Amino acid sequence: MAEFWWGRSPKAEIRHHGYFYPACKGKCEPILKHMLQGLEVEDNPLSKDHHRETHLEIVYEDDWLLIVNKSEGMLSVPGKTDMDSVYQRLKKRYPEATGPLIVHRLDMATSGLLLAAKTKEVHQNLQAQFKNRTIKKRYIAILDGLITTNKGTISLPLCLDPQDRPRQIVSEEYGKPAITNYQVLERKQNKTRIAFYPFTGRTHQLRVHAAHPQGLNTPILGDELYDKKADRLHLHAEYLEFRHPVSGKTIRIEKKAEF
């Protein structure tokens with residue numbers, strides 16, 4: 001079951017003319033199990049645990065914190081199913097660690113740098129840096145099309161679509177402020193390579209700001225939720241810069257995207 005969109009996109013949701021979209025979570029998914037009883041259907045690709053044996057690359061580590069390079073398709077923290085996650089890996093590796101470990105999250109489909117703390121105190125310090133927006137982040141993405149501007153700022157308030165989790169919508173009434181700076185790196189073969197510098201950290205912020213008609217109106221390549229399927233979501237958290245909670249030194253870590 002899928003939704004086929006014909007016509008212009010509404011102001012809040014992201015819909016592209018002629019595209020198919022997954023059945024909505026709130027209205028369609030609850031009845032799908034009943035409707036599909038007795039039929040042979042493919043397994044949900046999002047429920048497949050592809051990374052149970054994948055090596056978790058650690059790109060930086062000291063006595064207080066570490067940074068991993070999360071693979072696309074791996075959860076940052078456990079979900080409703082028993083799928084593997086970065087948190088579960090780190091919990092096994094550092095059984096004496098205190099606190100929640102994971103300082104921030106990346107979407108399951110997004111790859112890149114993920115920051116974790118080994119103590120509760122360090123975790124609180126790093127989360128405060130995120131809250132105060134002193135941590136610098138850079139994401140690399142490939143857009144499914146060409147944009148005309150070379151750099152700029154996108155400001156579109158976002159909130160969850162309660163009928164279609166985890167899809168986010170633009171809402172001036174209910175949305176929280178979401179601000180993204182961007183700079184085009186390359187245009188090639190009807191694709192745009194771009195660097196995103198998010199000032200805020202809302203769920204799906206970069207994905208919506210890229211795809212929405214009031215944003216760049218050009219979705220990230222492989223974004224099944226806001227565009228169409230490809231080999232992967234071409235979005236990677238490439239760079240982190242923050243103040244070390246113990247030494248006070250500035251830590252700068254970069255991990256180039258594989259695409």
# chains A, B, ... in the order shown; residues from 1 in each chain; ligands from 1

$ select_by_dssp --residues "segment 63-167 of chain A" --states "strand (DSSP E)" --output "PyMOL selection string"
chain A and resi 65-70+111-117+136-143+151-155+158-160

$ closest_residue --among "A:Leu32, A:Leu90, A:Leu126, A:Ala109" --to "Gly248 of chain A" --atoms "only C-alpha atoms"
A:Leu126

$ closest_residue --among "A:Lys228, A:Glu254, A:Leu113, A:Glu238" --to "Phe20 of chain A" --atoms "only C-alpha atoms"
A:Lys228

$ closest_residue --among "A:Gly7, A:Pro245, A:Pro213, A:Gly145" --to "Asn190 of chain A" --atoms "only C-alpha atoms"
A:Gly145

$ select_by_dssp --residues "segment 4-250 of chain A" --states "alpha helix (DSSP H)" --output "short mmCIF file (atom, residue, chain, number, x, y, z; two decimals) with all heavy atoms, in the first residue's frame"
data_model
loop_
_atom_site.label_atom_id
_atom_site.label_comp_id
_atom_site.auth_asym_id
_atom_site.auth_seq_id
_atom_site.Cartn_x
_atom_site.Cartn_y
_atom_site.Cartn_z
N GLU A 29 -1.25 2.17 8.58
CA GLU A 29 -0.47 1.06 9.14
C GLU A 29 -1.26 0.19 10.13
O GLU A 29 -1.10 -1.03 10.11
CB GLU A 29 0.79 1.60 9.81
CG GLU A 29 1.76 0.50 10.20
CD GLU A 29 3.07 1.04 10.73
OE1 GLU A 29 3.10 1.47 11.90
OE2 GLU A 29 4.06 1.05 9.97
N PRO A 30 -2.12 0.78 11.00
CA PRO A 30 -2.84 -0.07 11.94
C PRO A 30 -3.72 -1.14 11.30
O PRO A 30 -3.98 -2.18 11.90
CB PRO A 30 -3.70 0.93 12.74
CG PRO A 30 -2.94 2.21 12.64
CD PRO A 30 -2.34 2.21 11.27
N ILE A 31 -4.19 -0.89 10.06
CA ILE A 31 -5.07 -1.87 9.43
C ILE A 31 -4.34 -2.75 8.41
O ILE A 31 -4.93 -3.69 7.88
CB ILE A 31 -6.27 -1.18 8.73
CG1 ILE A 31 -5.77 -0.28 7.59
CG2 ILE A 31 -7.08 -0.39 9.75
CD1 ILE A 31 -6.91 0.28 6.75
N LEU A 32 -3.06 -2.45 8.16
CA LEU A 32 -2.34 -3.20 7.14
C LEU A 32 -2.18 -4.68 7.50
O LEU A 32 -2.31 -5.56 6.65
CB LEU A 32 -0.96 -2.58 6.90
CG LEU A 32 -0.93 -1.37 5.97
CD1 LEU A 32 0.48 -0.81 5.87
CD2 LEU A 32 -1.44 -1.74 4.59
N LYS A 33 -1.85 -4.97 8.76
CA LYS A 33 -1.66 -6.36 9.18
C LYS A 33 -2.91 -7.18 8.91
O LYS A 33 -2.83 -8.33 8.47
CB LYS A 33 -1.27 -6.42 10.65
CG LYS A 33 0.13 -5.92 10.94
CD LYS A 33 0.48 -6.10 12.40
CE LYS A 33 1.91 -5.61 12.68
NZ LYS A 33 2.27 -5.77 14.11
N HIS A 34 -4.07 -6.60 9.19
CA HIS A 34 -5.33 -7.30 8.96
C HIS A 34 -5.57 -7.49 7.46
O HIS A 34 -5.95 -8.58 7.01
CB HIS A 34 -6.48 -6.52 9.59
CG HIS A 34 -7.84 -7.06 9.23
ND1 HIS A 34 -8.34 -8.23 9.76
CD2 HIS A 34 -8.79 -6.60 8.37
CE1 HIS A 34 -9.53 -8.47 9.25
NE2 HIS A 34 -9.83 -7.49 8.40
N MET A 35 -5.32 -6.44 6.69
CA MET A 35 -5.58 -6.49 5.26
C MET A 35 -4.65 -7.46 4.54
O MET A 35 -5.02 -8.06 3.52
CB MET A 35 -5.44 -5.10 4.65
CG MET A 35 -6.46 -4.09 5.11
SD MET A 35 -6.14 -2.44 4.45
CE MET A 35 -6.33 -2.74 2.69
N VAL A 86 24.12 1.67 18.18
CA VAL A 86 25.40 2.14 18.69
C VAL A 86 25.41 2.08 20.22
O VAL A 86 26.40 1.68 20.83
CB VAL A 86 25.67 3.58 18.21
CG1 VAL A 86 26.95 4.13 18.86
CG2 VAL A 86 25.78 3.63 16.70
N TYR A 87 24.30 2.47 20.84
CA TYR A 87 24.23 2.44 22.31
C TYR A 87 24.49 1.03 22.85
O TYR A 87 25.26 0.86 23.80
CB TYR A 87 22.86 2.92 22.78
CG TYR A 87 22.63 2.72 24.26
CD1 TYR A 87 23.13 3.63 25.18
CD2 TYR A 87 21.94 1.59 24.74
CE1 TYR A 87 22.94 3.43 26.55
CE2 TYR A 87 21.76 1.39 26.09
CZ TYR A 87 22.26 2.31 27.00
OH TYR A 87 22.08 2.10 28.34
N GLN A 88 23.86 0.02 22.27
CA GLN A 88 24.04 -1.35 22.74
C GLN A 88 25.49 -1.80 22.58
O GLN A 88 26.03 -2.48 23.45
CB GLN A 88 23.08 -2.28 21.99
CG GLN A 88 21.63 -2.08 22.38
CD GLN A 88 20.67 -2.75 21.41
OE1 GLN A 88 20.72 -2.50 20.21
NE2 GLN A 88 19.80 -3.59 21.92
N ARG A 89 26.11 -1.42 21.48
CA ARG A 89 27.51 -1.78 21.26
C ARG A 89 28.40 -1.15 22.34
O ARG A 89 29.28 -1.80 22.91
CB ARG A 89 27.96 -1.29 19.89
CG ARG A 89 27.28 -1.96 18.72
CD ARG A 89 27.85 -3.34 18.43
NE ARG A 89 27.36 -3.84 17.16
CZ ARG A 89 28.01 -3.71 16.00
NH1 ARG A 89 29.19 -3.10 15.97
NH2 ARG A 89 27.50 -4.19 14.88
N LEU A 90 28.17 0.13 22.61
CA LEU A 90 29.01 0.84 23.58
C LEU A 90 28.75 0.36 25.01
O LEU A 90 29.68 0.31 25.83
CB LEU A 90 28.76 2.35 23.49
CG LEU A 90 29.15 3.01 22.16
CD1 LEU A 90 28.91 4.51 22.21
CD2 LEU A 90 30.59 2.71 21.79
N LYS A 91 27.51 -0.01 25.30
CA LYS A 91 27.18 -0.51 26.64
C LYS A 91 27.94 -1.80 26.92
O LYS A 91 28.41 -2.03 28.05
CB LYS A 91 25.67 -0.74 26.74
CG LYS A 91 25.17 -0.92 28.17
CD LYS A 91 25.31 0.36 28.98
CE LYS A 91 24.71 0.20 30.36
NZ LYS A 91 24.94 1.40 31.20
N LYS A 92 28.08 -2.65 25.93
CA LYS A 92 28.84 -3.89 26.09
C LYS A 92 30.34 -3.62 26.18
O LYS A 92 31.05 -4.26 26.95
CB LYS A 92 28.56 -4.83 24.91
CG LYS A 92 27.15 -5.38 24.88
CD LYS A 92 26.95 -6.28 23.67
CE LYS A 92 25.52 -6.82 23.62
NZ LYS A 92 25.30 -7.67 22.41
N ARG A 93 30.79 -2.66 25.40
CA ARG A 93 32.23 -2.36 25.35
C ARG A 93 32.71 -1.63 26.61
O ARG A 93 33.84 -1.83 27.07
CB ARG A 93 32.52 -1.51 24.11
CG ARG A 93 34.00 -1.26 23.85
CD ARG A 93 34.18 -0.39 22.62
NE ARG A 93 35.58 -0.14 22.33
CZ ARG A 93 36.26 -0.69 21.33
NH1 ARG A 93 35.65 -1.53 20.51
NH2 ARG A 93 37.53 -0.40 21.14
N LYS A 120 28.66 10.36 33.50
CA LYS A 120 27.46 11.19 33.57
C LYS A 120 27.81 12.67 33.51
O LYS A 120 27.13 13.45 32.83
CB LYS A 120 26.70 10.88 34.86
CG LYS A 120 25.43 11.68 35.06
CD LYS A 120 24.76 11.32 36.37
CE LYS A 120 23.50 12.15 36.60
NZ LYS A 120 22.87 11.80 37.90
N GLU A 121 28.89 13.05 34.17
CA GLU A 121 29.29 14.46 34.23
C GLU A 121 29.72 14.97 32.85
O GLU A 121 29.36 16.08 32.45
CB GLU A 121 30.42 14.64 35.25
CG GLU A 121 30.03 14.39 36.70
CD GLU A 121 29.86 12.91 37.03
OE1 GLU A 121 30.40 12.06 36.26
OE2 GLU A 121 29.20 12.60 38.03
N VAL A 122 30.49 14.16 32.14
CA VAL A 122 30.92 14.54 30.80
C VAL A 122 29.73 14.61 29.85
O VAL A 122 29.61 15.51 29.02
CB VAL A 122 31.98 13.56 30.27
CG1 VAL A 122 32.25 13.78 28.79
CG2 VAL A 122 33.28 13.71 31.06
N HIS A 123 28.81 13.67 30.01
CA HIS A 123 27.58 13.67 29.20
C HIS A 123 26.80 14.96 29.40
O HIS A 123 26.35 15.59 28.43
CB HIS A 123 26.73 12.46 29.57
CG HIS A 123 25.52 12.28 28.70
ND1 HIS A 123 24.33 12.93 28.95
CD2 HIS A 123 25.32 11.53 27.58
CE1 HIS A 123 23.45 12.58 28.03
NE2 HIS A 123 24.02 11.75 27.19
N GLN A 124 26.65 15.37 30.65
CA GLN A 124 25.90 16.60 30.95
C GLN A 124 26.60 17.82 30.36
O GLN A 124 25.94 18.72 29.83
CB GLN A 124 25.75 16.75 32.46
CG GLN A 124 24.82 15.72 33.09
CD GLN A 124 24.80 15.79 34.61
OE1 GLN A 124 25.75 16.29 35.23
NE2 GLN A 124 23.74 15.30 35.23
N ASN A 125 27.93 17.84 30.44
CA ASN A 125 28.68 18.96 29.89
C ASN A 125 28.51 19.07 28.38
O ASN A 125 28.26 20.15 27.83
CB ASN A 125 30.16 18.80 30.25
CG ASN A 125 31.02 19.95 29.75
OD1 ASN A 125 31.25 20.11 28.56
ND2 ASN A 125 31.51 20.77 30.68
N LEU A 126 28.62 17.93 27.69
CA LEU A 126 28.49 17.94 26.23
C LEU A 126 27.08 18.27 25.79
O LEU A 126 26.87 19.00 24.80
CB LEU A 126 28.93 16.59 25.67
CG LEU A 126 30.43 16.28 25.80
CD1 LEU A 126 30.71 14.83 25.42
CD2 LEU A 126 31.26 17.23 24.95
N GLN A 127 26.09 17.78 26.51
CA GLN A 127 24.71 18.12 26.16
C GLN A 127 24.45 19.60 26.35
O GLN A 127 23.70 20.21 25.58
CB GLN A 127 23.74 17.28 26.99
CG GLN A 127 23.55 15.86 26.50
CD GLN A 127 22.14 15.37 26.67
OE1 GLN A 127 21.51 15.60 27.70
NE2 GLN A 127 21.63 14.67 25.67
N ALA A 128 25.07 20.19 27.37
CA ALA A 128 24.94 21.64 27.58
C ALA A 128 25.55 22.41 26.42
O ALA A 128 25.02 23.44 25.99
CB ALA A 128 25.60 22.04 28.90
N GLN A 129 26.67 21.90 25.88
CA GLN A 129 27.28 22.55 24.72
C GLN A 129 26.36 22.48 23.50
O GLN A 129 26.25 23.43 22.73
CB GLN A 129 28.63 21.91 24.41
CG GLN A 129 29.71 22.19 25.45
CD GLN A 129 31.07 21.68 25.02
OE1 GLN A 129 31.55 22.01 23.93
NE2 GLN A 129 31.71 20.89 25.87
N PHE A 130 25.68 21.34 23.33
CA PHE A 130 24.71 21.23 22.24
C PHE A 130 23.55 22.21 22.47
O PHE A 130 23.11 22.90 21.53
CB PHE A 130 24.17 19.80 22.14
CG PHE A 130 24.97 18.91 21.24
CD1 PHE A 130 25.81 17.94 21.77
CD2 PHE A 130 24.89 19.03 19.86
CE1 PHE A 130 26.55 17.11 20.94
CE2 PHE A 130 25.63 18.20 19.02
CZ PHE A 130 26.46 17.25 19.56
N LYS A 131 23.07 22.26 23.70
CA LYS A 131 21.95 23.14 24.01
C LYS A 131 22.31 24.60 23.78
O LYS A 131 21.49 25.39 23.29
CB LYS A 131 21.51 22.93 25.46
CG LYS A 131 20.28 23.73 25.86
CD LYS A 131 19.85 23.42 27.28
CE LYS A 131 18.62 24.22 27.67
NZ LYS A 131 18.18 23.92 29.07
N GLN A 205 15.77 17.67 10.25
CA GLN A 205 15.89 19.07 9.84
C GLN A 205 16.49 19.24 8.46
O GLN A 205 15.93 19.94 7.60
CB GLN A 205 16.72 19.85 10.86
CG GLN A 205 16.97 21.30 10.48
CD GLN A 205 17.70 22.08 11.55
OE1 GLN A 205 17.39 21.95 12.73
NE2 GLN A 205 18.70 22.87 11.17
N LEU A 206 17.63 18.62 8.22
CA LEU A 206 18.30 18.79 6.93
C LEU A 206 17.49 18.18 5.80
O LEU A 206 17.43 18.73 4.69
CB LEU A 206 19.70 18.19 6.98
CG LEU A 206 20.63 18.73 8.07
CD1 LEU A 206 21.99 18.06 7.99
CD2 LEU A 206 20.76 20.24 7.97
N ARG A 207 16.86 17.06 6.07
CA ARG A 207 16.08 16.37 5.05
C ARG A 207 14.87 17.20 4.62
O ARG A 207 14.56 17.31 3.43
CB ARG A 207 15.65 14.99 5.57
CG ARG A 207 16.84 14.09 5.88
CD ARG A 207 16.47 12.88 6.71
NE ARG A 207 15.63 11.95 5.97
CZ ARG A 207 15.26 10.75 6.45
NH1 ARG A 207 15.69 10.36 7.65
NH2 ARG A 207 14.50 9.96 5.73
N VAL A 208 14.19 17.80 5.59
CA VAL A 208 13.02 18.62 5.28
C VAL A 208 13.44 19.94 4.65
O VAL A 208 12.84 20.39 3.67
CB VAL A 208 12.17 18.86 6.53
CG1 VAL A 208 11.01 19.81 6.22
CG2 VAL A 208 11.62 17.53 7.07
N HIS A 209 14.47 20.57 5.19
CA HIS A 209 14.92 21.85 4.64
C HIS A 209 15.39 21.71 3.20
O HIS A 209 15.27 22.63 2.40
CB HIS A 209 16.03 22.43 5.51
CG HIS A 209 15.51 23.13 6.72
ND1 HIS A 209 16.33 23.76 7.63
CD2 HIS A 209 14.25 23.30 7.20
CE1 HIS A 209 15.60 24.29 8.59
NE2 HIS A 209 14.33 24.02 8.35
N ALA A 210 15.95 20.54 2.87
CA ALA A 210 16.36 20.31 1.48
C ALA A 210 15.16 20.09 0.58
O ALA A 210 15.07 20.65 -0.52
CB ALA A 210 17.30 19.11 1.40
N ALA A 211 14.21 19.28 1.02
CA ALA A 211 13.11 18.84 0.15
C ALA A 211 11.95 19.81 0.05
O ALA A 211 11.25 19.85 -0.96
CB ALA A 211 12.60 17.48 0.64
#

$ atom_distance --atom1 "atom CA of Gly222 of chain A" --atom2 "atom CA of Thr148 of chain A"
20.8 Å

$ residues_around --residues "Phe196 of chain A" --least-positions-apart "6" --cutoff "12 Å" --atoms "only C-alpha atoms" --output "VMD selection string"
chain A and resid 136 to 143 150 to 154 179 to 185 205 to 207 209 to 210 216 220 235 to 239
